[in-house]
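Heads up, target25.cif below (mmCIF, N, CA and C atoms):
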```
data_my_file
#
loop_
_atom_site.label_atom_id
_atom_site.label_comp_id
_atom_site.auth_asym_id
_atom_site.auth_seq_id
_atom_site.Cartn_x
_atom_site.Cartn_y
_atom_site.Cartn_z
N MET A 1 0.02 25.22 -12.86
CA MET A 1 -0.36 26.53 -13.34
C MET A 1 0.56 26.94 -14.48
N GLU A 2 0.01 27.70 -15.39
CA GLU A 2 0.78 28.16 -16.53
C GLU A 2 1.02 29.65 -16.40
N ASP A 3 2.21 30.11 -16.75
CA ASP A 3 2.42 31.53 -16.79
C ASP A 3 2.26 32.01 -18.23
N ILE A 4 2.36 33.31 -18.42
CA ILE A 4 2.04 33.89 -19.73
C ILE A 4 3.05 33.46 -20.79
N LYS A 5 4.30 33.19 -20.42
CA LYS A 5 5.28 32.70 -21.39
C LYS A 5 4.90 31.30 -21.88
N GLU A 6 4.40 30.46 -20.98
CA GLU A 6 3.92 29.14 -21.39
C GLU A 6 2.69 29.28 -22.27
N PHE A 7 1.87 30.30 -22.00
CA PHE A 7 0.70 30.62 -22.81
C PHE A 7 1.14 30.82 -24.26
N ALA A 8 2.17 31.63 -24.47
CA ALA A 8 2.66 31.88 -25.83
C ALA A 8 3.26 30.61 -26.43
N ASP A 9 4.01 29.86 -25.64
CA ASP A 9 4.60 28.63 -26.15
C ASP A 9 3.54 27.61 -26.52
N GLU A 10 2.48 27.52 -25.71
CA GLU A 10 1.40 26.58 -26.00
C GLU A 10 0.76 26.91 -27.34
N PHE A 11 0.53 28.20 -27.61
CA PHE A 11 -0.08 28.59 -28.87
C PHE A 11 0.85 28.31 -30.04
N ARG A 12 2.15 28.50 -29.85
CA ARG A 12 3.11 28.24 -30.92
C ARG A 12 3.20 26.76 -31.25
N SER A 13 2.80 25.92 -30.31
CA SER A 13 2.90 24.48 -30.55
C SER A 13 1.65 23.92 -31.22
N GLY A 14 0.74 24.79 -31.66
CA GLY A 14 -0.47 24.34 -32.34
C GLY A 14 -0.14 23.59 -33.62
N GLU A 15 -1.16 23.06 -34.24
CA GLU A 15 -1.00 22.22 -35.41
C GLU A 15 -0.50 22.98 -36.64
N LEU A 16 -0.82 24.24 -36.73
CA LEU A 16 -0.38 25.06 -37.86
C LEU A 16 0.21 26.32 -37.28
N SER A 17 1.42 26.65 -37.65
CA SER A 17 2.06 27.83 -37.07
C SER A 17 2.82 28.58 -38.14
N THR A 18 2.60 29.88 -38.18
CA THR A 18 3.39 30.75 -39.04
C THR A 18 3.94 31.86 -38.18
N LYS A 19 5.01 32.46 -38.62
CA LYS A 19 5.65 33.55 -37.88
C LYS A 19 5.85 34.73 -38.79
N GLY A 20 6.18 35.86 -38.18
CA GLY A 20 6.54 37.03 -38.97
C GLY A 20 5.38 37.67 -39.70
N PHE A 21 4.18 37.53 -39.13
CA PHE A 21 2.98 38.14 -39.71
C PHE A 21 2.65 37.59 -41.09
N LYS A 22 3.12 36.38 -41.39
CA LYS A 22 2.87 35.76 -42.69
C LYS A 22 1.37 35.63 -42.93
N ASP A 23 0.92 36.08 -44.08
CA ASP A 23 -0.49 36.01 -44.51
C ASP A 23 -1.43 36.90 -43.72
N TRP A 24 -0.89 37.84 -42.93
CA TRP A 24 -1.75 38.78 -42.22
C TRP A 24 -2.15 39.90 -43.18
N SER A 25 -3.44 40.18 -43.25
CA SER A 25 -3.91 41.28 -44.08
C SER A 25 -3.64 42.61 -43.37
N ASP A 26 -3.70 43.69 -44.13
CA ASP A 26 -3.56 45.02 -43.52
C ASP A 26 -4.68 45.26 -42.51
N ALA A 27 -5.87 44.73 -42.77
CA ALA A 27 -7.00 44.91 -41.84
C ALA A 27 -6.72 44.23 -40.50
N ILE A 28 -6.13 43.06 -40.52
CA ILE A 28 -5.80 42.36 -39.26
C ILE A 28 -4.73 43.14 -38.50
N LYS A 29 -3.70 43.61 -39.20
CA LYS A 29 -2.66 44.41 -38.55
C LYS A 29 -3.26 45.67 -37.93
N GLU A 30 -4.17 46.31 -38.63
CA GLU A 30 -4.82 47.52 -38.12
C GLU A 30 -5.68 47.20 -36.90
N GLU A 31 -6.36 46.05 -36.91
CA GLU A 31 -7.17 45.65 -35.75
C GLU A 31 -6.29 45.49 -34.51
N PHE A 32 -5.10 44.94 -34.67
CA PHE A 32 -4.18 44.80 -33.54
C PHE A 32 -3.79 46.16 -32.99
N LYS A 33 -3.53 47.13 -33.86
CA LYS A 33 -3.20 48.49 -33.40
C LYS A 33 -4.39 49.12 -32.68
N LYS A 34 -5.55 49.01 -33.29
CA LYS A 34 -6.76 49.65 -32.75
C LYS A 34 -7.18 49.06 -31.41
N ASN A 35 -7.05 47.76 -31.25
CA ASN A 35 -7.57 47.07 -30.05
C ASN A 35 -6.49 46.64 -29.07
N GLN A 36 -5.31 47.23 -29.13
CA GLN A 36 -4.22 46.75 -28.29
C GLN A 36 -4.49 46.85 -26.79
N TYR A 37 -5.47 47.66 -26.38
CA TYR A 37 -5.83 47.74 -24.96
C TYR A 37 -7.29 47.36 -24.72
N ASN A 38 -7.85 46.56 -25.61
CA ASN A 38 -9.22 46.09 -25.49
C ASN A 38 -9.28 45.01 -24.40
N GLY A 39 -10.01 45.27 -23.33
CA GLY A 39 -10.13 44.33 -22.22
C GLY A 39 -11.33 43.41 -22.30
N ARG A 40 -12.07 43.45 -23.40
CA ARG A 40 -13.25 42.58 -23.57
C ARG A 40 -12.80 41.23 -24.09
N ILE A 41 -12.57 40.29 -23.18
CA ILE A 41 -12.02 38.99 -23.57
C ILE A 41 -13.07 37.98 -23.99
N GLY A 42 -14.34 38.36 -23.98
CA GLY A 42 -15.41 37.46 -24.38
C GLY A 42 -16.48 38.19 -25.15
N THR A 43 -17.50 37.45 -25.56
CA THR A 43 -18.61 38.09 -26.27
C THR A 43 -19.62 38.70 -25.31
N ASP A 44 -19.79 38.07 -24.14
CA ASP A 44 -20.77 38.55 -23.15
C ASP A 44 -20.16 38.56 -21.76
N LEU A 45 -20.19 39.73 -21.10
CA LEU A 45 -19.79 39.81 -19.70
C LEU A 45 -21.02 39.45 -18.88
N VAL A 46 -20.98 38.32 -18.16
CA VAL A 46 -22.17 37.84 -17.45
C VAL A 46 -22.16 38.16 -15.96
N ILE A 47 -20.98 38.32 -15.38
CA ILE A 47 -20.88 38.68 -13.97
C ILE A 47 -19.63 39.53 -13.79
N GLU A 48 -19.76 40.62 -13.05
CA GLU A 48 -18.59 41.38 -12.62
C GLU A 48 -18.85 41.91 -11.24
N ASN A 49 -17.87 41.72 -10.37
CA ASN A 49 -17.92 42.34 -9.05
C ASN A 49 -16.51 42.81 -8.71
N ASP A 50 -16.23 43.10 -7.45
CA ASP A 50 -14.91 43.62 -7.10
C ASP A 50 -13.82 42.56 -7.16
N ARG A 51 -14.17 41.28 -7.35
CA ARG A 51 -13.17 40.20 -7.37
C ARG A 51 -13.01 39.50 -8.71
N ILE A 52 -14.08 39.39 -9.50
CA ILE A 52 -14.01 38.60 -10.74
C ILE A 52 -14.78 39.25 -11.88
N ARG A 53 -14.44 38.80 -13.08
CA ARG A 53 -15.24 39.03 -14.28
C ARG A 53 -15.44 37.65 -14.92
N VAL A 54 -16.67 37.32 -15.23
CA VAL A 54 -16.98 36.05 -15.89
C VAL A 54 -17.54 36.37 -17.27
N TRP A 55 -16.94 35.76 -18.27
CA TRP A 55 -17.30 35.99 -19.67
C TRP A 55 -17.80 34.70 -20.31
N HIS A 56 -18.73 34.84 -21.22
CA HIS A 56 -19.10 33.76 -22.13
C HIS A 56 -18.56 34.13 -23.50
N ILE A 57 -18.16 33.12 -24.24
CA ILE A 57 -17.70 33.31 -25.61
C ILE A 57 -18.51 32.37 -26.49
N PHE A 58 -19.24 32.96 -27.43
CA PHE A 58 -20.05 32.21 -28.39
C PHE A 58 -19.59 32.63 -29.78
N LEU A 59 -19.06 31.69 -30.55
CA LEU A 59 -18.65 32.00 -31.92
C LEU A 59 -19.18 30.92 -32.86
N GLU A 60 -20.00 31.33 -33.79
CA GLU A 60 -20.47 30.43 -34.84
C GLU A 60 -19.29 30.05 -35.72
N PRO A 61 -19.37 28.97 -36.49
CA PRO A 61 -18.30 28.66 -37.43
C PRO A 61 -18.02 29.88 -38.32
N GLY A 62 -16.76 30.24 -38.43
CA GLY A 62 -16.37 31.43 -39.18
C GLY A 62 -16.39 32.70 -38.36
N GLY A 63 -16.97 32.65 -37.15
CA GLY A 63 -17.06 33.83 -36.29
C GLY A 63 -15.72 34.20 -35.69
N LYS A 64 -15.58 35.48 -35.34
CA LYS A 64 -14.31 35.98 -34.82
C LYS A 64 -14.53 36.79 -33.54
N LEU A 65 -13.63 36.62 -32.59
CA LEU A 65 -13.57 37.46 -31.40
C LEU A 65 -12.47 38.47 -31.67
N PRO A 66 -12.77 39.77 -31.57
CA PRO A 66 -11.77 40.78 -31.90
C PRO A 66 -10.51 40.66 -31.03
N VAL A 67 -9.48 41.31 -31.49
CA VAL A 67 -8.23 41.39 -30.74
C VAL A 67 -8.54 41.91 -29.34
N HIS A 68 -7.95 41.25 -28.35
CA HIS A 68 -8.14 41.66 -26.95
C HIS A 68 -6.89 41.36 -26.15
N ARG A 69 -6.79 42.02 -25.00
CA ARG A 69 -5.58 41.95 -24.18
C ARG A 69 -5.91 41.33 -22.83
N HIS A 70 -5.12 40.33 -22.45
CA HIS A 70 -5.23 39.71 -21.13
C HIS A 70 -4.14 40.31 -20.23
N VAL A 71 -4.54 40.87 -19.09
CA VAL A 71 -3.57 41.38 -18.11
C VAL A 71 -3.81 40.77 -16.73
N LEU A 72 -4.93 40.07 -16.56
CA LEU A 72 -5.30 39.48 -15.28
C LEU A 72 -5.11 37.97 -15.30
N ASP A 73 -4.87 37.37 -14.14
CA ASP A 73 -4.91 35.92 -14.03
C ASP A 73 -6.29 35.48 -14.47
N TYR A 74 -6.36 34.36 -15.18
CA TYR A 74 -7.67 33.90 -15.65
C TYR A 74 -7.62 32.43 -16.02
N PHE A 75 -8.80 31.86 -16.18
CA PHE A 75 -8.90 30.52 -16.74
C PHE A 75 -10.07 30.49 -17.69
N TRP A 76 -9.99 29.56 -18.64
CA TRP A 76 -11.12 29.32 -19.54
C TRP A 76 -11.42 27.84 -19.57
N THR A 77 -12.70 27.55 -19.82
CA THR A 77 -13.17 26.18 -19.99
C THR A 77 -13.98 26.11 -21.28
N ALA A 78 -13.66 25.12 -22.11
CA ALA A 78 -14.43 24.89 -23.33
C ALA A 78 -15.69 24.10 -22.99
N ILE A 79 -16.81 24.60 -23.42
CA ILE A 79 -18.09 23.91 -23.19
C ILE A 79 -18.36 22.94 -24.33
N THR A 80 -17.95 23.32 -25.53
CA THR A 80 -18.13 22.47 -26.71
C THR A 80 -16.75 22.16 -27.31
N PRO A 81 -16.61 21.05 -28.02
CA PRO A 81 -15.35 20.78 -28.71
C PRO A 81 -15.29 21.60 -29.99
N GLY A 82 -14.11 21.78 -30.52
CA GLY A 82 -14.00 22.52 -31.76
C GLY A 82 -12.57 22.79 -32.17
N ARG A 83 -12.44 23.77 -33.05
CA ARG A 83 -11.14 24.11 -33.62
C ARG A 83 -11.07 25.63 -33.76
N PHE A 84 -9.92 26.22 -33.40
CA PHE A 84 -9.78 27.66 -33.52
C PHE A 84 -8.48 28.03 -34.19
N LEU A 85 -8.45 29.24 -34.70
CA LEU A 85 -7.25 29.87 -35.23
C LEU A 85 -7.02 31.11 -34.39
N GLN A 86 -5.77 31.34 -34.07
CA GLN A 86 -5.45 32.49 -33.24
C GLN A 86 -4.20 33.17 -33.75
N ARG A 87 -4.24 34.50 -33.74
CA ARG A 87 -3.07 35.31 -34.09
C ARG A 87 -2.63 36.03 -32.82
N THR A 88 -1.31 36.08 -32.58
CA THR A 88 -0.80 36.76 -31.40
C THR A 88 -0.01 38.00 -31.82
N TYR A 89 0.16 38.92 -30.90
CA TYR A 89 0.75 40.22 -31.19
C TYR A 89 2.16 40.16 -31.78
N ASP A 90 2.87 39.04 -31.60
CA ASP A 90 4.23 38.95 -32.12
C ASP A 90 4.28 38.44 -33.56
N GLY A 91 3.11 38.28 -34.20
CA GLY A 91 3.06 37.85 -35.59
C GLY A 91 2.93 36.36 -35.79
N THR A 92 2.73 35.62 -34.70
CA THR A 92 2.57 34.18 -34.79
C THR A 92 1.09 33.84 -34.99
N THR A 93 0.82 32.88 -35.86
CA THR A 93 -0.52 32.36 -36.09
C THR A 93 -0.49 30.87 -35.84
N TYR A 94 -1.52 30.37 -35.14
CA TYR A 94 -1.58 28.93 -34.96
C TYR A 94 -3.03 28.48 -34.99
N GLU A 95 -3.21 27.20 -35.23
CA GLU A 95 -4.53 26.59 -35.30
C GLU A 95 -4.49 25.35 -34.43
N SER A 96 -5.55 25.13 -33.66
CA SER A 96 -5.54 24.00 -32.74
C SER A 96 -6.96 23.54 -32.44
N SER A 97 -7.08 22.30 -32.04
CA SER A 97 -8.37 21.73 -31.61
C SER A 97 -8.44 21.70 -30.09
N TYR A 98 -9.64 21.65 -29.56
CA TYR A 98 -9.85 21.56 -28.12
C TYR A 98 -11.05 20.66 -27.87
N GLU A 99 -11.13 20.10 -26.68
CA GLU A 99 -12.20 19.20 -26.29
C GLU A 99 -13.15 19.87 -25.31
N ALA A 100 -14.40 19.45 -25.28
CA ALA A 100 -15.34 19.93 -24.27
C ALA A 100 -14.78 19.59 -22.89
N GLY A 101 -14.83 20.54 -21.98
CA GLY A 101 -14.31 20.34 -20.63
C GLY A 101 -12.85 20.72 -20.47
N GLU A 102 -12.15 20.95 -21.57
CA GLU A 102 -10.74 21.35 -21.48
C GLU A 102 -10.66 22.70 -20.77
N THR A 103 -9.75 22.81 -19.82
CA THR A 103 -9.60 24.02 -19.01
C THR A 103 -8.14 24.39 -18.93
N HIS A 104 -7.86 25.69 -19.04
CA HIS A 104 -6.49 26.20 -18.92
C HIS A 104 -6.48 27.40 -18.00
N TYR A 105 -5.48 27.48 -17.13
CA TYR A 105 -5.29 28.59 -16.20
C TYR A 105 -4.02 29.33 -16.60
N TYR A 106 -4.07 30.67 -16.52
CA TYR A 106 -2.92 31.50 -16.85
C TYR A 106 -2.64 32.47 -15.72
N ASP A 107 -1.39 32.47 -15.27
CA ASP A 107 -0.90 33.35 -14.22
C ASP A 107 -0.15 34.48 -14.92
N VAL A 108 -0.75 35.66 -14.97
CA VAL A 108 -0.16 36.78 -15.70
C VAL A 108 0.64 37.62 -14.72
N LYS A 109 1.95 37.60 -14.86
CA LYS A 109 2.85 38.32 -13.97
C LYS A 109 2.77 39.83 -14.19
N LYS A 110 3.23 40.58 -13.19
CA LYS A 110 3.22 42.04 -13.26
C LYS A 110 3.93 42.52 -14.53
N GLY A 111 3.26 43.38 -15.27
CA GLY A 111 3.81 43.95 -16.49
C GLY A 111 3.67 43.07 -17.73
N GLU A 112 3.19 41.83 -17.57
CA GLU A 112 3.01 40.94 -18.72
C GLU A 112 1.60 41.05 -19.27
N PHE A 113 1.41 40.53 -20.47
CA PHE A 113 0.10 40.53 -21.11
C PHE A 113 0.11 39.51 -22.24
N ALA A 114 -1.07 39.20 -22.72
CA ALA A 114 -1.24 38.43 -23.95
C ALA A 114 -2.22 39.21 -24.82
N LEU A 115 -1.88 39.40 -26.07
CA LEU A 115 -2.71 40.15 -27.01
C LEU A 115 -2.94 39.24 -28.21
N HIS A 116 -4.22 38.94 -28.49
CA HIS A 116 -4.52 37.99 -29.56
C HIS A 116 -5.96 38.15 -30.03
N ASN A 117 -6.27 37.50 -31.13
CA ASN A 117 -7.64 37.37 -31.58
C ASN A 117 -8.00 35.90 -31.58
N LEU A 118 -9.22 35.58 -31.95
CA LEU A 118 -9.68 34.19 -31.93
C LEU A 118 -10.72 34.01 -33.03
N GLU A 119 -10.58 32.95 -33.79
CA GLU A 119 -11.50 32.68 -34.89
C GLU A 119 -11.93 31.22 -34.85
N ASN A 120 -13.22 30.98 -34.97
CA ASN A 120 -13.76 29.62 -35.00
C ASN A 120 -13.59 29.08 -36.42
N VAL A 121 -12.65 28.15 -36.59
CA VAL A 121 -12.42 27.54 -37.90
C VAL A 121 -12.97 26.11 -37.92
N GLY A 122 -13.76 25.77 -36.90
CA GLY A 122 -14.39 24.46 -36.85
C GLY A 122 -15.76 24.47 -37.51
N THR A 123 -16.47 23.38 -37.33
CA THR A 123 -17.80 23.23 -37.95
C THR A 123 -18.93 23.32 -36.94
N THR A 124 -18.62 23.53 -35.66
CA THR A 124 -19.63 23.63 -34.61
C THR A 124 -19.49 24.96 -33.89
N ILE A 125 -20.54 25.37 -33.19
CA ILE A 125 -20.48 26.60 -32.41
C ILE A 125 -19.43 26.44 -31.31
N MET A 126 -18.65 27.47 -31.13
CA MET A 126 -17.59 27.49 -30.12
C MET A 126 -18.15 28.17 -28.88
N ILE A 127 -18.19 27.45 -27.77
CA ILE A 127 -18.71 28.01 -26.53
C ILE A 127 -17.66 27.82 -25.43
N PHE A 128 -17.26 28.91 -24.82
CA PHE A 128 -16.29 28.92 -23.73
C PHE A 128 -16.85 29.74 -22.58
N CYS A 129 -16.33 29.50 -21.40
CA CYS A 129 -16.55 30.35 -20.24
C CYS A 129 -15.17 30.74 -19.74
N ALA A 130 -14.94 32.03 -19.50
CA ALA A 130 -13.65 32.51 -19.01
C ALA A 130 -13.86 33.36 -17.77
N THR A 131 -13.00 33.18 -16.78
CA THR A 131 -13.07 33.95 -15.54
C THR A 131 -11.75 34.65 -15.30
N GLU A 132 -11.83 35.98 -15.09
CA GLU A 132 -10.65 36.79 -14.76
C GLU A 132 -10.69 37.12 -13.27
N PHE A 133 -9.51 37.17 -12.66
CA PHE A 133 -9.38 37.50 -11.24
C PHE A 133 -8.84 38.93 -11.11
N LYS A 134 -9.66 39.83 -10.57
CA LYS A 134 -9.31 41.24 -10.53
C LYS A 134 -8.22 41.57 -9.51
N ASN A 135 -7.93 40.67 -8.59
CA ASN A 135 -6.87 40.92 -7.60
C ASN A 135 -5.53 40.37 -8.09
N SER A 136 -5.31 40.43 -9.38
CA SER A 136 -4.08 39.95 -10.01
C SER A 136 -2.96 40.98 -9.86
N ALA A 137 -1.80 40.66 -10.41
CA ALA A 137 -0.63 41.54 -10.31
C ALA A 137 -0.80 42.84 -11.10
N ASN A 138 -1.64 42.83 -12.14
CA ASN A 138 -1.87 44.01 -12.96
C ASN A 138 -3.24 44.61 -12.70
N ILE A 139 -3.37 45.88 -13.01
CA ILE A 139 -4.64 46.58 -12.84
C ILE A 139 -5.58 46.15 -13.97
N PRO A 140 -6.86 45.86 -13.65
CA PRO A 140 -7.82 45.48 -14.71
C PRO A 140 -7.95 46.57 -15.77
N LEU A 141 -8.09 46.16 -17.00
CA LEU A 141 -8.35 47.09 -18.09
C LEU A 141 -9.81 47.52 -18.05
N SER A 142 -10.08 48.71 -18.55
CA SER A 142 -11.47 49.15 -18.72
C SER A 142 -12.10 48.33 -19.83
N ILE A 143 -13.41 48.11 -19.70
CA ILE A 143 -14.10 47.37 -20.76
C ILE A 143 -15.24 48.17 -21.33
#
```
Would you kindly transcribe this structure into structure tokens?
Amino acid sequence: MEDIKEFADEFRSGELSTKGFKDWSDAIKEEFKKNQYNGRIGTDLVIENDRIRVWHIFLEPGGKLPVHRHVLDYFWTAITPGRFLQRTYDGTTYESSYEAGETHYYDVKKGEFALHNLENVGTTIMIFCATEFKNSANIPLSI
């Protein structure tokens, strides 16, 4: 299992990494301020009950998922292979590839979070499924 600090380290180890908000536009910085408590971690919420939220993420090449905040334990699985670019709240940007079937689990400790955006910089549609566990250490965000 990965904790949220490993989550940040994993992203920093991507193929392309910049720090200190290098090349961030004012619009991107503003989006981080505006969406700092956005709990919509996917494009479509497909199931929600008292225990879980299941999201689908569909991004065409060049498509973007707005800045969102993870506060719950969760995992994601890539349905299609591809390449993404991600910016994190601390000013780090990284780019990485993923394979179909790749799955990652994140254990978000009390008071921790991950705040980031996601952009499809590949040539194929990006399809993911993500599941959040509502009985985590933190209270679920409103969506």
> Got a sec to check which residues sit within 10 Å of (-8.3, 47.0, -17.4), counting only C-alpha atoms, and write them as a ChimeraX atom specification?
Replying inline: /A:37-40,69-72,134,138-143
Can those selected residues be exported to a file as a CSV table (one decimal), in the frame of the given file so that it contains N, CA and C atoms?
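The resulting part.csv:
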```
chain,number,residue,atom,x,y,z
A,37,TYR,N,-5.5,47.7,-26.4
A,37,TYR,CA,-5.8,47.7,-25.0
A,37,TYR,C,-7.3,47.4,-24.7
A,38,ASN,N,-7.8,46.6,-25.6
A,38,ASN,CA,-9.2,46.1,-25.5
A,38,ASN,C,-9.3,45.0,-24.4
A,39,GLY,N,-10.0,45.3,-23.3
A,39,GLY,CA,-10.1,44.3,-22.2
A,39,GLY,C,-11.3,43.4,-22.3
A,40,ARG,N,-12.1,43.4,-23.4
A,40,ARG,CA,-13.2,42.6,-23.6
A,40,ARG,C,-12.8,41.2,-24.1
A,69,ARG,N,-6.8,42.0,-25.0
A,69,ARG,CA,-5.6,42.0,-24.2
A,69,ARG,C,-5.9,41.3,-22.8
A,70,HIS,N,-5.1,40.3,-22.4
A,70,HIS,CA,-5.2,39.7,-21.1
A,70,HIS,C,-4.1,40.3,-20.2
A,71,VAL,N,-4.5,40.9,-19.1
A,71,VAL,CA,-3.6,41.4,-18.1
A,71,VAL,C,-3.8,40.8,-16.7
A,72,LEU,N,-4.9,40.1,-16.6
A,72,LEU,CA,-5.3,39.5,-15.3
A,72,LEU,C,-5.1,38.0,-15.3
A,134,LYS,N,-9.7,39.8,-10.6
A,134,LYS,CA,-9.3,41.2,-10.5
A,134,LYS,C,-8.2,41.6,-9.5
A,138,ASN,N,-1.6,42.8,-12.1
A,138,ASN,CA,-1.9,44.0,-13.0
A,138,ASN,C,-3.2,44.6,-12.7
A,139,ILE,N,-3.4,45.9,-13.0
A,139,ILE,CA,-4.6,46.6,-12.8
A,139,ILE,C,-5.6,46.2,-14.0
A,140,PRO,N,-6.9,45.9,-13.6
A,140,PRO,CA,-7.8,45.5,-14.7
A,140,PRO,C,-8.0,46.6,-15.8
A,141,LEU,N,-8.1,46.2,-17.0
A,141,LEU,CA,-8.4,47.1,-18.1
A,141,LEU,C,-9.8,47.5,-18.0
A,142,SER,N,-10.1,48.7,-18.6
A,142,SER,CA,-11.5,49.2,-18.7
A,142,SER,C,-12.1,48.3,-19.8
A,143,ILE,N,-13.4,48.1,-19.7
A,143,ILE,CA,-14.1,47.4,-20.8
A,143,ILE,C,-15.2,48.2,-21.3
```
Residue by residue, what does the PyMOL selection byres ((chain A and resi 79-96) around 5) grab here? Present the result as a short mmCIF file (atom, residue, chain, number, x, y, z; two decimals) with N, CA and C atoms, in the coordinates of the input.
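What landed in expr16.cif:
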```cif
data_model
loop_
_atom_site.label_atom_id
_atom_site.label_comp_id
_atom_site.auth_asym_id
_atom_site.auth_seq_id
_atom_site.Cartn_x
_atom_site.Cartn_y
_atom_site.Cartn_z
N GLY A 14 0.74 24.79 -31.66
CA GLY A 14 -0.47 24.34 -32.34
C GLY A 14 -0.14 23.59 -33.62
N GLU A 15 -1.16 23.06 -34.24
CA GLU A 15 -1.00 22.22 -35.41
C GLU A 15 -0.50 22.98 -36.64
N LEU A 16 -0.82 24.24 -36.73
CA LEU A 16 -0.38 25.06 -37.86
C LEU A 16 0.21 26.32 -37.28
N SER A 17 1.42 26.65 -37.65
CA SER A 17 2.06 27.83 -37.07
C SER A 17 2.82 28.58 -38.14
N THR A 18 2.60 29.88 -38.18
CA THR A 18 3.39 30.75 -39.04
C THR A 18 3.94 31.86 -38.18
N LYS A 19 5.01 32.46 -38.62
CA LYS A 19 5.65 33.55 -37.88
C LYS A 19 5.85 34.73 -38.79
N GLY A 20 6.18 35.86 -38.18
CA GLY A 20 6.54 37.03 -38.97
C GLY A 20 5.38 37.67 -39.70
N PHE A 21 4.18 37.53 -39.13
CA PHE A 21 2.98 38.14 -39.71
C PHE A 21 2.65 37.59 -41.09
N THR A 77 -12.70 27.55 -19.82
CA THR A 77 -13.17 26.18 -19.99
C THR A 77 -13.98 26.11 -21.28
N ALA A 78 -13.66 25.12 -22.11
CA ALA A 78 -14.43 24.89 -23.33
C ALA A 78 -15.69 24.10 -22.99
N SER A 97 -7.08 22.30 -32.04
CA SER A 97 -8.37 21.73 -31.61
C SER A 97 -8.44 21.70 -30.09
N TYR A 98 -9.64 21.65 -29.56
CA TYR A 98 -9.85 21.56 -28.12
C TYR A 98 -11.05 20.66 -27.87
N GLU A 99 -11.13 20.10 -26.68
CA GLU A 99 -12.20 19.20 -26.29
C GLU A 99 -13.15 19.87 -25.31
N ALA A 100 -14.40 19.45 -25.28
CA ALA A 100 -15.34 19.93 -24.27
C ALA A 100 -14.78 19.59 -22.89
N GLY A 101 -14.83 20.54 -21.98
CA GLY A 101 -14.31 20.34 -20.63
C GLY A 101 -12.85 20.72 -20.47
N LEU A 115 -1.88 39.40 -26.07
CA LEU A 115 -2.71 40.15 -27.01
C LEU A 115 -2.94 39.24 -28.21
N HIS A 116 -4.22 38.94 -28.49
CA HIS A 116 -4.52 37.99 -29.56
C HIS A 116 -5.96 38.15 -30.03
N ASN A 117 -6.27 37.50 -31.13
CA ASN A 117 -7.64 37.37 -31.58
C ASN A 117 -8.00 35.90 -31.58
N LEU A 118 -9.22 35.58 -31.95
CA LEU A 118 -9.68 34.19 -31.93
C LEU A 118 -10.72 34.01 -33.03
N GLU A 119 -10.58 32.95 -33.79
CA GLU A 119 -11.50 32.68 -34.89
C GLU A 119 -11.93 31.22 -34.85
N ASN A 120 -13.22 30.98 -34.97
CA ASN A 120 -13.76 29.62 -35.00
C ASN A 120 -13.59 29.08 -36.42
N VAL A 121 -12.65 28.15 -36.59
CA VAL A 121 -12.42 27.54 -37.90
C VAL A 121 -12.97 26.11 -37.92
N GLY A 122 -13.76 25.77 -36.90
CA GLY A 122 -14.39 24.46 -36.85
C GLY A 122 -15.76 24.47 -37.51
N ILE A 127 -18.19 27.45 -27.77
CA ILE A 127 -18.71 28.01 -26.53
C ILE A 127 -17.66 27.82 -25.43
N PHE A 128 -17.26 28.91 -24.82
CA PHE A 128 -16.29 28.92 -23.73
C PHE A 128 -16.85 29.74 -22.58
#
```
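Selecting alpha helix (DSSP H) from the backbone DSSP output for chain A yields Ile4, Lys5, Glu6, Phe7, Ala8, Asp9, Glu10, Phe11, Arg12, Asp26, Ala27, Ile28, Lys29, Glu30, Glu31, Phe32, Lys33 and Lys34 of chain A.
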>> Going by the chain IDs and residue numbers used in this file, which residues fall under the PyMOL selection byres ((chain A and resi 51) around 6.5)? Write them as a ChimeraX atom specification.
In response: /A:48-50,52-53,132-135
>> Set the distance at 12 Å and use only C-alpha atoms: which residues neighbour Glu30 in chain A once local chain neighbours fewer than 6 positions away are removed? I'd like the list as a ChimeraX atom specification.
In response: /A:24,36,66-67,89
If we count only N, CA and C atoms and set the cut-off at 6.5 Å, which residues sit around Ala130 in chain A, ignoring sequence neighbours fewer than 6 positions away in its own chain? Please answer as a JSON list (two decimals) with N, CA and C atoms, keeping the file's coordinate frame.
```
[["chain", "number", "residue", "atom", "x", "y", "z"],
["A", 53, "ARG", "N", -14.44, 38.80, -13.08],
["A", 53, "ARG", "CA", -15.24, 39.03, -14.28],
["A", 53, "ARG", "C", -15.44, 37.65, -14.92],
["A", 54, "VAL", "N", -16.67, 37.32, -15.23],
["A", 54, "VAL", "CA", -16.98, 36.05, -15.89],
["A", 54, "VAL", "C", -17.54, 36.37, -17.27],
["A", 55, "TRP", "N", -16.94, 35.76, -18.27],
["A", 55, "TRP", "CA", -17.30, 35.99, -19.67],
["A", 55, "TRP", "C", -17.80, 34.70, -20.31],
["A", 56, "HIS", "N", -18.73, 34.84, -21.22],
["A", 56, "HIS", "CA", -19.10, 33.76, -22.13],
["A", 56, "HIS", "C", -18.56, 34.13, -23.50],
["A", 57, "ILE", "N", -18.16, 33.12, -24.24],
["A", 57, "ILE", "CA", -17.70, 33.31, -25.61],
["A", 57, "ILE", "C", -18.51, 32.37, -26.49],
["A", 75, "PHE", "N", -8.80, 31.86, -16.18],
["A", 75, "PHE", "CA", -8.90, 30.52, -16.74],
["A", 75, "PHE", "C", -10.07, 30.49, -17.69],
["A", 76, "TRP", "N", -9.99, 29.56, -18.64],
["A", 76, "TRP", "CA", -11.12, 29.32, -19.54],
["A", 76, "TRP", "C", -11.42, 27.84, -19.57],
["A", 77, "THR", "N", -12.70, 27.55, -19.82],
["A", 77, "THR", "CA", -13.17, 26.18, -19.99],
["A", 77, "THR", "C", -13.98, 26.11, -21.28]]
```
> Quick one: DSSP strand (DSSP E or B) residues in range 5-139 of chain A, as a ChimeraX atom specification?
Replying inline: /A:16-18,44-48,52-59,64-70,73-78,82-88,93-98,103-107,114-120,126-133
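With only N, CA and C atoms as the basis for measurement, A:His68 is the residue among A:Ala137, A:His68, A:Asp73, A:Glu60 that approaches Ile41 in chain A most closely.
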